[in-house]
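Working notes, beginning with the structure itself.
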Amino acid sequence: MEETPKVIAHQIGGIQNDAFRFGLQGVKSDIVASHPLQSAYQSVSRTNELMKRQCMVNLYGTAFPLKMELDRQILSRFQRPPGAIPSSMLGLEAVTGDLDNFGFEDYLNDPRESETLRPSDMHHGMEVRLGLSKGPVCPSFI
């Protein structure tokens with residue numbers, strides 16, 4: 001007799017409708033664009049980044065901005081595994097100059113210290129990073 005494999009079929013990638021893990025799906029977030037002020041801020045920051053890059057090309061040559069971009073890409077991928085201690089991305093902040101920016105998290109509470117934040121599941125976070133599961137690495141607020 002031929003024995004059939006006892007494997008539970010599960011979906012890897014694609015759309016998953018796991019409301020317990022990813023929360024309820026909302027149509028409004030898919031349709032509505034970001035706030036106009038947020039899109040204006042993103043376009044201004046993108047324009048400033050291009051101007052800084054062009055100034056570096058004019059001052060130091062074409063190799064220096066390429067080296068800076070390579071450093072930025074390397075430092076943006078270097079992170080801690082998901083778990084109790086989040087990645088601070090200090091190296092990336094130093095290279096991009098974000099250490100000098102004073103954001104809302106510096107004078108208001110950090111959103112990760114909120115009472116309504118669900119703790120992150122380390123196993124699910126690693127599944128997302130390895131491409132075995134789909135969804136956010138860390139669930140958001142309750």
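Chain lettering (A, B, ...) mirrors the order of the structure tokens, residue numbering begins at 1 for each chain separately, and ligand numbering begins at 1 in order of display.
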Set the distance at 12 Å and use only C-alpha atoms: which residues neighbour region 31-46 of chain A once local chain neighbours fewer than 6 positions away are removed? I'd like the list as a PyMOL selection string.
chain A and resi 52-53+96+98
Spatial neighbours of Arg129 (chain A), 12 Å, only C-alpha atoms, chain gap at least 2 places, as a compact mmCIF listing (two decimals) with all heavy atoms, in the first residue's frame:
# COMPACT_ATOMS: atom_id res chain seq x y z
N GLY A 13 2.81 33.20 0.76
CA GLY A 13 2.68 34.38 -0.08
C GLY A 13 1.23 34.58 -0.48
O GLY A 13 0.32 33.94 0.01
N ARG A 77 19.56 47.65 5.74
CA ARG A 77 19.23 46.24 5.83
C ARG A 77 19.69 45.60 7.14
O ARG A 77 19.23 44.54 7.51
CB ARG A 77 19.84 45.46 4.67
CG ARG A 77 19.09 45.68 3.39
CD ARG A 77 19.50 44.69 2.37
NE ARG A 77 20.74 45.17 1.76
CZ ARG A 77 21.53 44.44 1.01
NH1 ARG A 77 21.24 43.19 0.78
NH2 ARG A 77 22.61 44.93 0.49
N GLN A 79 19.54 44.90 10.75
CA GLN A 79 18.57 45.05 11.83
C GLN A 79 18.68 43.88 12.78
O GLN A 79 19.20 42.82 12.44
CB GLN A 79 17.14 45.08 11.29
CG GLN A 79 16.83 46.29 10.48
CD GLN A 79 15.38 46.27 10.02
OE1 GLN A 79 14.64 45.34 10.30
NE2 GLN A 79 14.98 47.29 9.30
N ARG A 80 18.16 44.08 13.98
CA ARG A 80 18.05 42.99 14.95
C ARG A 80 16.92 42.07 14.54
O ARG A 80 15.99 42.48 13.86
CB ARG A 80 17.74 43.54 16.34
CG ARG A 80 18.89 44.21 16.98
CD ARG A 80 18.50 44.54 18.41
NE ARG A 80 19.61 45.13 19.09
CZ ARG A 80 19.59 46.29 19.72
NH1 ARG A 80 18.48 46.98 19.78
NH2 ARG A 80 20.65 46.76 20.31
N PRO A 81 16.95 40.82 14.99
CA PRO A 81 15.78 39.97 14.76
C PRO A 81 14.58 40.52 15.51
O PRO A 81 14.75 41.19 16.53
CB PRO A 81 16.19 38.61 15.34
CG PRO A 81 17.65 38.67 15.53
CD PRO A 81 18.04 40.10 15.61
N PRO A 82 13.37 40.27 15.03
CA PRO A 82 12.20 40.80 15.73
C PRO A 82 12.09 40.19 17.12
O PRO A 82 12.40 39.03 17.32
CB PRO A 82 11.03 40.39 14.84
CG PRO A 82 11.56 39.36 13.93
CD PRO A 82 13.02 39.53 13.84
N MET A 122 7.94 36.88 17.77
CA MET A 122 9.24 36.72 17.15
C MET A 122 9.18 35.70 16.01
O MET A 122 9.80 35.90 14.96
CB MET A 122 10.27 36.28 18.17
CG MET A 122 11.67 36.20 17.59
SD MET A 122 12.91 35.83 18.79
CE MET A 122 12.64 34.13 19.09
N HIS A 123 8.42 34.63 16.17
CA HIS A 123 8.35 33.61 15.14
C HIS A 123 7.67 34.13 13.87
O HIS A 123 8.15 33.89 12.76
CB HIS A 123 7.61 32.38 15.67
CG HIS A 123 8.28 31.76 16.85
ND1 HIS A 123 9.47 31.09 16.75
CD2 HIS A 123 7.96 31.75 18.15
CE1 HIS A 123 9.84 30.67 17.93
NE2 HIS A 123 8.94 31.06 18.82
N HIS A 124 6.59 34.88 14.04
CA HIS A 124 5.92 35.45 12.88
C HIS A 124 6.81 36.49 12.20
O HIS A 124 6.85 36.56 10.96
CB HIS A 124 4.59 36.08 13.27
CG HIS A 124 3.93 36.82 12.16
ND1 HIS A 124 3.47 36.19 11.03
CD2 HIS A 124 3.69 38.14 11.97
CE1 HIS A 124 2.96 37.08 10.20
NE2 HIS A 124 3.09 38.26 10.76
N GLY A 125 7.53 37.28 12.97
CA GLY A 125 8.42 38.27 12.40
C GLY A 125 9.51 37.64 11.53
O GLY A 125 9.83 38.13 10.45
N MET A 126 10.07 36.53 11.99
CA MET A 126 11.09 35.85 11.19
C MET A 126 10.47 35.20 9.95
O MET A 126 11.10 35.17 8.90
CB MET A 126 11.82 34.80 12.03
CG MET A 126 12.76 35.40 13.05
SD MET A 126 13.98 36.55 12.36
CE MET A 126 14.92 35.51 11.29
N GLU A 127 9.24 34.70 10.06
CA GLU A 127 8.57 34.14 8.88
C GLU A 127 8.36 35.21 7.82
O GLU A 127 8.54 34.96 6.63
CB GLU A 127 7.23 33.53 9.28
CG GLU A 127 7.34 32.23 10.03
CD GLU A 127 5.99 31.72 10.50
OE1 GLU A 127 4.97 32.38 10.23
OE2 GLU A 127 5.96 30.65 11.14
N GLY A 131 10.14 35.42 4.07
CA GLY A 131 9.21 35.28 2.95
C GLY A 131 8.29 34.08 3.09
O GLY A 131 7.66 33.68 2.12
N LEU A 132 8.20 33.48 4.26
CA LEU A 132 7.32 32.33 4.46
C LEU A 132 5.90 32.74 4.80
O LEU A 132 4.98 31.95 4.68
CB LEU A 132 7.87 31.43 5.57
CG LEU A 132 9.26 30.86 5.31
CD1 LEU A 132 9.74 30.10 6.53
CD2 LEU A 132 9.24 29.98 4.09
N SER A 133 5.71 33.96 5.28
CA SER A 133 4.41 34.45 5.66
C SER A 133 4.25 35.87 5.14
O SER A 133 5.23 36.54 4.83
CB SER A 133 4.26 34.41 7.18
OG SER A 133 3.00 34.87 7.57
N LYS A 134 3.02 36.33 5.07
CA LYS A 134 2.76 37.66 4.56
C LYS A 134 2.09 38.48 5.65
O LYS A 134 1.35 37.97 6.45
CB LYS A 134 1.85 37.59 3.35
CG LYS A 134 1.74 38.89 2.61
CD LYS A 134 1.21 38.64 1.22
CE LYS A 134 1.07 39.92 0.47
NZ LYS A 134 2.28 40.33 -0.17
N GLY A 135 2.37 39.75 5.66
CA GLY A 135 1.76 40.62 6.64
C GLY A 135 2.81 41.48 7.31
O GLY A 135 4.00 41.39 7.01
N PRO A 136 2.41 42.32 8.24
CA PRO A 136 3.38 43.16 8.93
C PRO A 136 4.23 42.32 9.87
O PRO A 136 3.79 41.30 10.40
CB PRO A 136 2.50 44.14 9.71
CG PRO A 136 1.20 43.44 9.87
CD PRO A 136 1.04 42.58 8.66
N VAL A 137 5.49 42.74 10.05
CA VAL A 137 6.39 42.02 10.93
C VAL A 137 5.88 42.08 12.36
O VAL A 137 5.91 41.12 13.10
CB VAL A 137 7.82 42.60 10.84
CG1 VAL A 137 8.72 41.96 11.87
CG2 VAL A 137 8.37 42.40 9.45
N CYS A 138 5.38 43.23 12.74
CA CYS A 138 4.88 43.43 14.10
C CYS A 138 3.44 43.91 14.01
O CYS A 138 3.15 44.84 13.27
CB CYS A 138 5.73 44.46 14.82
SG CYS A 138 5.20 44.80 16.49
Got a sec: who's within 9 Å of region 69-76 of chain A, counting only C-alpha atoms, leaving out chain neighbours fewer than 5 positions off, as a short mmCIF file (atom, residue, chain, number, x, y, z; two decimals) with N, CA, C and O atoms, in the first residue's frame?
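Written output follows (result_32.cif):
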data_model
loop_
_atom_site.label_atom_id
_atom_site.label_comp_id
_atom_site.auth_asym_id
_atom_site.auth_seq_id
_atom_site.Cartn_x
_atom_site.Cartn_y
_atom_site.Cartn_z
N PHE A 64 31.56 59.68 -4.88
CA PHE A 64 31.20 59.89 -3.48
C PHE A 64 29.71 59.67 -3.21
O PHE A 64 29.36 58.95 -2.26
N MET A 89 18.58 51.47 14.44
CA MET A 89 19.05 51.95 13.14
C MET A 89 19.95 53.19 13.31
O MET A 89 19.87 54.14 12.54
N LEU A 90 20.80 53.16 14.31
CA LEU A 90 21.65 54.29 14.63
C LEU A 90 22.63 54.59 13.51
O LEU A 90 22.88 55.76 13.18
N GLY A 91 23.20 53.56 12.89
CA GLY A 91 24.13 53.77 11.79
C GLY A 91 23.48 54.47 10.61
O GLY A 91 24.06 55.38 10.01
N LEU A 92 22.26 54.05 10.27
CA LEU A 92 21.54 54.68 9.16
C LEU A 92 21.20 56.12 9.48
O LEU A 92 21.31 57.00 8.62
N VAL A 95 24.35 58.20 8.99
CA VAL A 95 24.73 58.42 7.59
C VAL A 95 23.77 59.40 6.91
O VAL A 95 24.20 60.28 6.16
N THR A 96 22.48 59.28 7.19
CA THR A 96 21.50 60.15 6.52
C THR A 96 21.37 61.52 7.18
O THR A 96 20.75 62.41 6.61
#
